[in-house]
Structure formats: structure tokens, C-alpha cells
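Working notes, beginning with the structure itself.
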Amino acid sequence: MDIKAIEKKWQMRWEKEKFNRFDVKDTEKKKFYVLEMFSYPSGAKLHVGHWYNYGPADSYARFKRMQGYNVFQPMGFDAFGLPAENYAIKTGVHPKDSTEANIATMEQQLKAMGAMFDWSAEVKTCTEEYYKWTQWMFLQLYKKGLAYRKEAPVNWCPSCNTVLANEQVIDGKCERCDTPVVRKNLTQWFFKITEYAEELLSGLIDLDWPEKTKNMQRNWIGKSTGCEIEFECESGDTFRVYTTRPDTVFGVTYVVLAPEHPLALKITTPEQREAVEAYIDYAARSSEIERLSSTREKTGVFTGAYCTNPVNGKKVPVYLADYVLYSYGTGAVMAVPAHDERDFAFATKYGLPIVKVIEKQGGETVLPYTEDGIVVGSLQFDGLCGEEARSAIASYISKIGKGGKKINYRLRDWLVSRQRYWGAPIPIIHCEKCGAVPVPEKNLPVKLPYDVEFRPDGKSPLAKHEKFMNTTCPKCGGPAKRDPDTLDTFVCSSWYFLRYADPHNDKEPFDREAVDRLLPVDTYVGGAEHSCMHLLYARFFTKALRDMGYLDFDEPFKRLVHQGVILGPDGNRMSKSHGNVVSPDDYIKEYGADAFRMYLMFGFSYTEGGPWSDDGIKAISRFMDRVEKIALKSNEYFGYGPFEREERALDYARNYCIRQVSRDMESFSFNTAIARMMEFTNALYKYDALPGEKNAKLFKESVRDLILMLAPCAPHFAEELFEQTGGKGFVFEQKYPVENPSALRLAETEYAIQVNSKIVCKAMLPSDATDEEIKTAALALPEVTARTEGKTLKKCVVVKGRLVNLIVG
RNA sequence: GCCGCUGUGGUGGAAUUGGCAGACGCAAGGGACUUAAAAUCCCUCGGUAGAGAUACCGUGUCGGUUCGAGCCCGACCAGCGGCACCA
């Protein structure tokens with residue numbers, strides 16, 4: 001078979017018949033939306049990882065189509081982002097030009113793959129037609145009170161005079177010039193994702209997602225139930241701490257504020273001022289990663305101030321320490337060194353008292369003791385335990401008006417401002433008189449200018465562009481400036497799956513009816529690295545849009561599947577710096593797109609991935625040859641043969657294959673699906689090699705079923721074989737084979753016979769035998785009698801269709 | 001440091017979810033065809049002992065539950081991934 005020729009032939013026919021398009025007019029078939037995470041057009045070429053994501057997922061989509069669904073499978077590009085801008089800084093090639101060129105190459109390669117993408121719905125996030133609506137999304141969130149501004153730190157390189165992404169900070173230093181990075185506060189836009197924390201958490205229950213991913217999201221959201229407690233300083237200033245262990249509040253020997261806490265300097269005594277300022281400065285210089293490292297020694301400083309524990313009136317010192325994070329809880333903690341590891345370490349280092357208030361039940365209490373136990377030394381609460389104690393103390397705190405129960409989330413609001421060029425401009429105008437004013441929707445998009453200086457020199461590229469920056473205030477008409485920042489690219493990817501439903505609409509982001517017809521996504525396939533960010537943001541957008549009345553479903557992705565990662569042959573992640581990048585191109589040239597795709601499906605466990613190796617790609621080629629040979633041979637079969645033992649065996653093999661392959665395809669177990677088809681092919685060869693007259697009808701039908709089952713995995717190849725064996729129309733218009741249960745019912749089933757849990761022999765027993773009959777038959781076997789002679793049967797375990805275990809003694 | 005996942009032949013990976021470990025392949029060895037090679041076809045292929053039927057051992061390690069454990073429980077080791085010192 002001339003692989004190149006048939007790939008071209010069928011791709012052209014599919015194209016001509018608009019075969020890959022979702023059929024909007026077909027309302028009879030059930031819709032099925034299969035989505036793969038769209039690609040980032042970074043390097044110039046499609047790599048093995050793209051293939052591994054898109055090839056098998058396309059086979060799944062084709063499988064669903066043959067099962068009778070009206071399948072929608074779009075493709076697009078997540079085209080804004082940092083790499084294109086970095087590339088521009090390095091080479092001078094404009095991000096728009098390099099991105100467009102990369103997209104053009106990738107489109108060609110994706111088409112050559114022969115996947116069933118509906119290119120009429122293609123979406124590119126860097127086009128005006130798209131980012132107009134990304135900006136519109138921003139405005140809706142703003143209107144709804146879900147977008148707001150506040151100060152937040154950025155990584156700042158004082159030498160390059162530029163903001164760095166976390167990725168660009170290597171060991172606390174700028175990746176370009178090795179200058180230590182400092183943190184600098186800027187006023188930036190946030191989305192209030194925390195407003196949806198509870199629903200994002202509870203909504204996970206019903207999703208058909210990997211448990212692992214759901215758990216990661218749960219941990220990311222990080223709900224905890226605790227208590228806020230108010231402490232008052234001698235100065236009269238008050239602050240609250242958050243704790244999950246109110247049962248230990250009588251054991252507080254000091255409290256700690258985060259170095260960024262607004263009260264930190266205010267309460268500091270003159271004697272301590274110098275030390276405190278130095279410490280705050282020190283904390284600001286250490287990177288977040290350093291600060292969060294647990295192997296790092298605890299550091300802190302005494303403010304000189306004291307505050308009062310509201311439950312017992314004790315005065316305790318106030319410290320600053322960077323193990324307390326300003327962004328979590330209240331930015332202040334009560335320290336109970338007897339019952340917390342970190343507090344214990346800190347107290348030991350700084351010579352602070354340690355007061356035991358929890359006693360281990362039925363054992364010696366070794367400090368720090370962090371488990372639940374019996375409360376001691378806590379007045380009226382003595383003797384209470386665990387949850388009971390926490391609840392009682394929290395109620396008491398609430399009663400005395402010093403705080404009370406509080407639910408906290410680890411989840412933080414989503415910072416969306418980026419001091420970058422290659423992104424969607426934030427549609428806000430800053431007016432000295434009116435403040436931050438949203439750009440009127442009719443003026444969207446706020447166009448990203450082409451002629452900018454994107455080399456870093458202290459100001460973000462848009463801020464230097466006079467024509468872009470200077471505008472008039474939509475409210476008062478006075479002179480005003482645009483927001484110089486662009487949106488995080490995760491904003492673009494938080495709604496693209498909605499735009500696919502109505503990609504060319506220039507009146508609204510999507511038509512409600514179009515979205516209702518297609519959404520939610522039935523199966524979403526993509527890498528596990530997006531477990532927390534992208535998948536959470538997309539869920540947030542969906543819920544926010546629902547609450548604004550634009551959607552009426554709660555979750556965007558019903559089912560989620562993560563493909564594994566294909567590593568380099570050396571077992572490391574593929575990267576240019578490792579020099580272990582494998583290009584699919586040579587393989588495709590030699591073996592063809594179908595064989596390469598099938599090898600990816602067969603050689604790896606889809607959700608696991610693994611190091612690349614091409615051992616076995618030849619085997620797929622051989623398998624296809626074998627299928628081709630036997631298929632063409634079926635053309636030579638004529639007449640009516642018998643339907644006896646051999647025919648029943650073939651019919652069994654055929655139906656067994658149909659059953660298993662259907663299950664395996666549904667569960668993304670592509671490697672076993674192909675293994676079953678190999679077995680079936682072997683069975684066809686075995687039958688063909690038999691002497692005597694053959695049953696042509698059975699053989700031809702079997703070959704046809706094999707071709708149909710193979711079609712999703714090797715689409716061009718199967719089309720060609722289907723045609724060459726007399727098939728009419730496209731193979732993908734055929735119905736996927738359905739098993740015939742009666743062919744799978746055999747008169748006898750093989751049982752493993754065990755005596756005292758050891759297999760002694762195998763036996764064919766009637767499939768419809770009762771447990772008692774099976775037991776009797778097993779006991780009569782010579783291999784069994786030899787081992788049971790003179791012993792009594794103590795127990796007999798029968799597992800229907802599998803084994804008998806006779807326990808004798 | 002915490003959390004999560006993974007650990008099965010020389011190798012990629014199967015195992016009906018507690019029921020015959022190693023499906024289907026690759027590699028290797030032997031053979032057939034061939035002047036020869038390639039291709040193709042057939043056989044062997046976890047380990048040890050044995051000519052052999054067969055016996056014993058075997059799913060990272062050690063224990064446990066069970067008639068029965070790759071799968072469940074406990075402890076440990078190794079590798080990978082994520083990260084929140086979350087109070």
C-alpha cells in the first residue's frame with residue numbers, strides 16, 4: 001500500500017465532503033463534544049507530545065462517531081504568551097509574526113495527522129476577533145464585582161528594570177543577568193475566584209475526573225474549619241489570628257505576625273525599631289520559594305510589644321517571623337509551642353516558654369504533641385477532647401465577642417495583570433478624575449498595537465506606546481491613560497471551549513443556542529500539569545458566566561482524561577537543553593501517520609506515558625500488513641461453507657474482540673484494544689490456514705468487523721481497505737460493530753481446580769452448572785481424588801466461571 | 001519537609017478490580033524457505049532443579065488479613081510528580 005498516496009487521497013475526500021465538520025442540522029443524533037487542550041504555538045514543529053495527546057484522543061472521537069454520535073472535535077491555538085515575547089527580545093522577530101508562522105506550520109502538521117478536527121471552528125486567542133471577547137469577559141466580571149484592583153508583589157529585576165515571571169527567577173536571581181531579584185508592590189487586577197471556593201470544592205464530587213486530579217484541586221482550594229481570635233496590644237491596637245486548634249488557646253506563649261502585617265511597624269517599640277526594620281527588609285528580599293522551604297531555619301524578631309490572650313488575660317510577646325504568610329488566614333498566628341512543630345522549633349530557638357495544655361490519652365505526652373487529646377490547664381474546658389473542645393472554646397470566644405468559628409480557604413484570588421506586551425490588553429482606562437473606568441463594550445477590542453518596543457528597559461512595552469496609552473475618559477471626556485498591562489493567558493484559555501461553539505460571531509462571544517447545543521464538553525483530554533490552574537479557572541469562568549445568565553450549566557468538563565508524558569529516550573523530560581527531543585517527522589515519513597499513531601496507542605499505557613523508544617513501531621507496520629493481506633484474501637472467498645467447530649471458534653473470537661475493544665476504547669485503554677485486534681487477526685489467519693471448505697459469509701463479515709474496529713486507530717488505512725474489500729461510502733459512516741452475546745455463550749467453561757488453594761489441574765465444566773454440580777465434578781477428578789483420599793472436605797469455594805477451591809484436612 | 005502517584009520477566013506493558021501472574025508485542029535463541037541477505041512462516045523464551053512429566057520459588061522489602069493477595073491493611077525502601085511552613 002502506498003501510504004503517502006492513501007493519506008492524501010482520503011484526507012482530500014474527507015475535506016471535500018466536509019466530513020470532519022460537526023453537523024449542526026442533524027438533531028437526531030446525540031451530540032458528543034470531544035476536546036483536547038489546544039496547543040501553544042511555541043517551537044516551530046509538532047512534537048511527539050502533541051501527537052500523543054491528539055492522535056489517540058482523535059481515535060476516541062472517531063470511535064464515538066461510529067457509535068452513532070454527532071461528534072464535535074475542534075482545534076485551536078493558545079497563541080498569546082511569554083515565550084513568543086522572549087523570542088522577540090532575543091531575535092527581534094515580532095511576536096505576532098513568529099506566532100502566525102508557527103501556527104501555519106502546526107496547522108499543516110495537524111492536518112497531515114489525519115485527525116477529525118473541525119477546522120471551520122478554529123480559534124486563535126491572539127486574533128482581534130477572539131481577544132475582543134476576552135476583554136468583554138473581563139468587563140462582565142468587573143461589572144459583577146468579580147474583578148478588582150489591589151497591591152501585590154511582583155518579581156523585580158533591578159538591573160533589567162523589569163518584572164520577571166517565576167519561571168525567569170533562577171535561585172532568587174534573574175535568569176538573564178544573575179542580579180538578585182527583589183519583590184516590588186504594584187497595583188494589579190485580580191479575579192475574585194475565592195467567591196466560588198465552596199462551589200468549586202463541592203462541585204468536584206459529581207465529576208467524572210481522575211480522583212487524583214480532584215484531590216489536587218481540593219488541596220489547592222484548601223478548606224479548613226477553625227477559629228478567629230482577637231488579641232489586643234497594650235497600645236490598644238487589635239488584630240486577629242486564625243487557628244484550627246482553638247483547643248490549645250490556653251497554651252499560647254507568644255503570637256507571630258507576618259512581616260508584611262500592617263501593624264508590624266506600628267506596634268514596634270523604639271528600642272526594637274532598628275531590628276524590626278532590618279527583619280522586614282530581609283523578609284522582603286527572600287523569595288517566596290525560600291520562605292516556604294521547611295528545611296530553612298526559622299527566623300524572627302521581637303517587636304517589643306505585648307498583647308493579651310482573651311481567654312486567660314495573660315500577656316504574651318508579639319514577634320514577626322517569615323514562617324507566617326500574610327496571604328493566608330489573617331496573616332497572624334497564635335503560637336502554641338507545646339502542640340505545634342514550627343512553634344516548638346521557634347520557641348526553642350528564641351527561649352520562649354512552652355506550656356502544655358493537651359494530654360495524650362492513655363500514654364505519655366511527648367512535646368511537641370500535635371494530635372488530639374484531653375484539654376488540661378484550661379479552666380472550665382479541662383477534660384474535653386478534640387472536636388468537642390474546639391467547638392466549646394470557639395463558642396466561648398464568640399460569646400465574649402473576641403472572634404469565633406471561621407472557615408478559611410487556601411485558595412487566593414487570581415492575579416490577572418501581566419506587565420507584558422504579547423497578551424490581551426486590559427480594557428480599562430485610568431482617569432485622574434473618574435479613576436478606573438471600563439472601556440465601553442462598543443469600543444472593543446482595545447487593539448494591541450503592532451509597533452512597540454518590547455525590549456525590556458524598565459517600563460512595560462505598552463506603557464511606552466504614546467498613541468496607545470493616551471486616550472480620553474469615556475465618562476468625563478477628559479484626557480486619560482489606558483491600563484498598560486495585559487491579561488494572563490489563562491484568561492484566554494478559560495473560555496475558549498465556549499467560543500468553539502460559535503467561533504465567528506461578531507455580535508457576542510457566543511450564541512446561547514449554539515452553546516446549549518454543544519456544551520458541556522463530554523470528554524476533555526489534556527496534561528495533568530493543568531490540574532490546578534487552567535482547570536480551576538475554566539470552572540470558575542463557567543460558574544461566573546452562569547450566574548450572569550449567559551450559561552445554564554455548572555461544570556464545563558464532564559469527563560476528564562490525562563494523557564501521560566512521553567519522556568526522552570534517556571528518561572528525562574524532552575527539552576532542547578537535554579538534547580533528547582524526538583521528532584515524529586521521520587517516523588511518519590517511513591511508516592505513515594496511521595502506523596505512528598497506532599504505535600503511540602499500543603506501546604504505552606495512555607495515562608502513564610514513559611520514555612520514548614521506537615522498539616515495536618515495526619511490529620505495528622507488520623500488523624497492518626497482516627491485516628491488509630488477510631482482508632484482501634477475503635475477496636477470494638466464495639460459496640457457503642459449514643458452520644461447525646472452527647467457525648464457532650472464529651465467531652467467538654470476533655465477538656470477543658468486539659466486546660473487549662469497545663470497552664477498551666471507551667476507557668482509553670488503547671494498548672489492550674489493539675492487542676485484542678491482533679489476537680483476532682491471528683484467529684483469522686488460523687481459520688484461513690485450515691484445510692477444506694470455508695464459510696465465506698462468516699469470514700467476510702469478520703474481516704469487515706476488523707476493518708471497522710481498526711478504523712478509529714488507523715483512519716486512512718481502514719478507509720482504503722474498506723474500499724478495496726467492496727465497502728461503499730466512508731468507513732466512518734458505518735456503524736461500529738456490536739457484539740452478538742449468543743456467540744459468546746459457550747457450552748463449557750474452563751475452571752482452575754484448587755486443592756488447599758493450590759492449582760492441581762484445569763477442567764472444562766458445563767457453563768450452566770450449579771455450584772453443587774461444579775463441586776461434585778471437581779471432587780471426582782483424578783488429580784483431586786489423589787490429594788483428598790482419606791481426608792475430609794472442610795470447605796469448598798466456587799467462583800462461577802473461574803475456579804473451585806477445595807479445602808481438605 | 002508535606003502530599004500524591006508508581007514499583008510486575010532482558011524490555012514496553014496485561015491481569016475481568018480479591019480468583020489460573022506475565023495477555024499482546026519487542027528483543028533474544030533455534031528452525032524452514034533462499035546461492036545469500038532481507039522479508040515471511042514455525043518453535044522456545046520468569047528463575048532454580050530435572051533428559052522428562054513435574055516440583056519448588058517468584059509482582060520493591062518485611063509483616064498482617066483471607067480458602068485465596070500484584071490488587072486490601074501496617075511499616076519500610078526506591079523513583080517520579082506537585083507544593084501550601086496553611087497555623
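Residues in the C-alpha cells are named by chain (A, B, ... in the order shown) and by number from 1 within that chain; ligands are numbered from 1 in the order shown.
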
*Taking the chain letters and numbering used in this document, name the residues of segment 300-460 of chain A that DSSP puts in alpha helix (DSSP H), as an MDAnalysis selection string.*
chainID A and resid 341:350 386:399

Any chance you could tabulate, as a tab-separated table, the residues of chain B at most 8 Å from chain A with each one's nearest atom pair and distance in Å to one decimal, using only C-alpha atoms (C1' of nucleotides), in chain and rising number order?
```
residue	atom	partner	partner_atom	distance
B:G1	C1'	A:Ser294	CA	5.4
B:G4	C1'	A:Lys212	CA	7.2
B:G12	C1'	A:Gly603	CA	5.8
B:G13	C1'	A:Phe604	CA	7.1
B:A14	C1'	A:Thr672	CA	7.5
B:G19	C1'	A:Leu803	CA	6.8
B:C20	C1'	A:Ala752	CA	5.7
B:C24	C1'	A:Ala675	CA	4.4
B:G25	C1'	A:Gly616	CA	7.0
B:C26	C1'	A:Gly616	CA	5.3
B:C67	C1'	A:Ser757	CA	6.4
B:G68	C1'	A:Ser757	CA	6.0
B:A84	C1'	A:Arg410	CA	7.5
B:C85	C1'	A:Ser294	CA	5.5
B:C86	C1'	A:Arg410	CA	6.5
B:A87	C1'	A:Thr243	CA	5.5
```

Applying 12 Å and only C-alpha atoms (C1' of nucleotides), which residues near G10 of chain B remain after dropping the ones on its own chain fewer than 5 positions away? List them as a tab-separated table (two decimals) with C-alpha atoms (C1' of nucleotides), in the first residue's frame.
```tsv
chain	number	residue	atom	x	y	z
B	26	C	C1'	9.57	-6.09	21.24
B	27	A	C1'	14.37	-8.15	21.85
B	28	A	C1'	16.93	-12.87	22.02
B	45	C	C1'	11.51	-17.85	25.85
B	46	G	C1'	10.39	-15.53	34.63
```

_Counting only C-alpha atoms, the option among A:Asp97, A:Glu271, A:Glu701, A:Asp522 closest to Phe32 of chain A_ = A:Asp522

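For segment 434-438 of chain A, the residues within 8 Å (counting only C-alpha atoms (C1' of nucleotides), excluding itself and residues fewer than 6 positions away along the chain) are Leu139, Pro427, Ile428, Cys473, Pro474, Lys475 and Cys476 of chain A.
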
Kindly save the residues from that selection, with all heavy atoms included, as a PDB file, in the first residue's frame.
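The resulting file, part-v6.pdb, is shown below:
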```pdb
ATOM      1  N   LEU A 139     -14.740  42.669  31.337  1.00  0.00           N
ATOM      2  CA  LEU A 139     -15.707  43.711  31.690  1.00  0.00           C
ATOM      3  C   LEU A 139     -16.930  43.151  32.424  1.00  0.00           C
ATOM      4  O   LEU A 139     -17.440  43.781  33.349  1.00  0.00           O
ATOM      5  CB  LEU A 139     -16.148  44.475  30.434  1.00  0.00           C
ATOM      6  CG  LEU A 139     -15.065  45.307  29.751  1.00  0.00           C
ATOM      7  CD1 LEU A 139     -15.624  45.979  28.497  1.00  0.00           C
ATOM      8  CD2 LEU A 139     -14.483  46.351  30.704  1.00  0.00           C
ATOM      9  N   PRO A 427      -9.015  46.084  29.309  1.00  0.00           N
ATOM     10  CA  PRO A 427      -9.895  47.137  28.782  1.00  0.00           C
ATOM     11  C   PRO A 427     -10.345  48.130  29.851  1.00  0.00           C
ATOM     12  O   PRO A 427     -11.535  48.244  30.150  1.00  0.00           O
ATOM     13  CB  PRO A 427     -11.076  46.343  28.215  1.00  0.00           C
ATOM     14  CG  PRO A 427     -11.155  45.138  29.088  1.00  0.00           C
ATOM     15  CD  PRO A 427      -9.757  44.814  29.497  1.00  0.00           C
ATOM     16  N   ILE A 428      -9.365  48.820  30.416  1.00  0.00           N
ATOM     17  CA  ILE A 428      -9.667  49.785  31.475  1.00  0.00           C
ATOM     18  C   ILE A 428      -8.932  51.084  31.153  1.00  0.00           C
ATOM     19  O   ILE A 428      -7.809  51.053  30.639  1.00  0.00           O
ATOM     20  CB  ILE A 428      -9.196  49.246  32.844  1.00  0.00           C
ATOM     21  CG1 ILE A 428     -10.075  48.080  33.306  1.00  0.00           C
ATOM     22  CG2 ILE A 428      -9.155  50.355  33.898  1.00  0.00           C
ATOM     23  CD1 ILE A 428     -11.484  48.445  33.774  1.00  0.00           C
ATOM     24  N   CYS A 473     -11.231  59.879  28.654  1.00  0.00           N
ATOM     25  CA  CYS A 473     -12.049  59.159  29.623  1.00  0.00           C
ATOM     26  C   CYS A 473     -13.468  58.988  29.069  1.00  0.00           C
ATOM     27  O   CYS A 473     -14.092  59.968  28.669  1.00  0.00           O
ATOM     28  CB  CYS A 473     -12.094  59.928  30.932  1.00  0.00           C
ATOM     29  SG  CYS A 473     -13.261  59.215  32.108  1.00  0.00           S
ATOM     30  N   PRO A 474     -13.962  57.749  29.023  1.00  0.00           N
ATOM     31  CA  PRO A 474     -15.316  57.526  28.494  1.00  0.00           C
ATOM     32  C   PRO A 474     -16.383  58.198  29.350  1.00  0.00           C
ATOM     33  O   PRO A 474     -17.489  58.445  28.871  1.00  0.00           O
ATOM     34  CB  PRO A 474     -15.482  56.004  28.548  1.00  0.00           C
ATOM     35  CG  PRO A 474     -14.119  55.445  28.828  1.00  0.00           C
ATOM     36  CD  PRO A 474     -13.323  56.514  29.498  1.00  0.00           C
ATOM     37  N   LYS A 475     -16.037  58.516  30.584  1.00  0.00           N
ATOM     38  CA  LYS A 475     -17.031  59.088  31.491  1.00  0.00           C
ATOM     39  C   LYS A 475     -17.078  60.608  31.363  1.00  0.00           C
ATOM     40  O   LYS A 475     -18.126  61.172  31.082  1.00  0.00           O
ATOM     41  CB  LYS A 475     -16.662  58.715  32.931  1.00  0.00           C
ATOM     42  CG  LYS A 475     -17.805  58.068  33.698  1.00  0.00           C
ATOM     43  CD  LYS A 475     -17.366  57.843  35.125  1.00  0.00           C
ATOM     44  CE  LYS A 475     -18.238  56.803  35.821  1.00  0.00           C
ATOM     45  NZ  LYS A 475     -17.617  56.368  37.076  1.00  0.00           N
ATOM     46  N   CYS A 476     -15.912  61.258  31.547  1.00  0.00           N
ATOM     47  CA  CYS A 476     -15.903  62.717  31.589  1.00  0.00           C
ATOM     48  C   CYS A 476     -15.323  63.341  30.317  1.00  0.00           C
ATOM     49  O   CYS A 476     -15.373  64.562  30.153  1.00  0.00           O
ATOM     50  CB  CYS A 476     -15.126  63.209  32.810  1.00  0.00           C
ATOM     51  SG  CYS A 476     -13.350  62.889  32.723  1.00  0.00           S
TER      52      CYS A 476
END
```

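Look at Gly809 of chain A: the protein and nucleic acid residues within 8 Å of it, using only C-alpha atoms (C1' of nucleotides) and passing over chain neighbours fewer than 3 places away, are Lys791, Thr792, Leu793 and Lys794 of chain A.
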
*May I ask which of the residues A:Arg663, A:Arg455, A:Lys8, A:Lys697 is the closest one to U16 of chain B, counting only C-alpha atoms (C1' of nucleotides)?*
A:Arg663
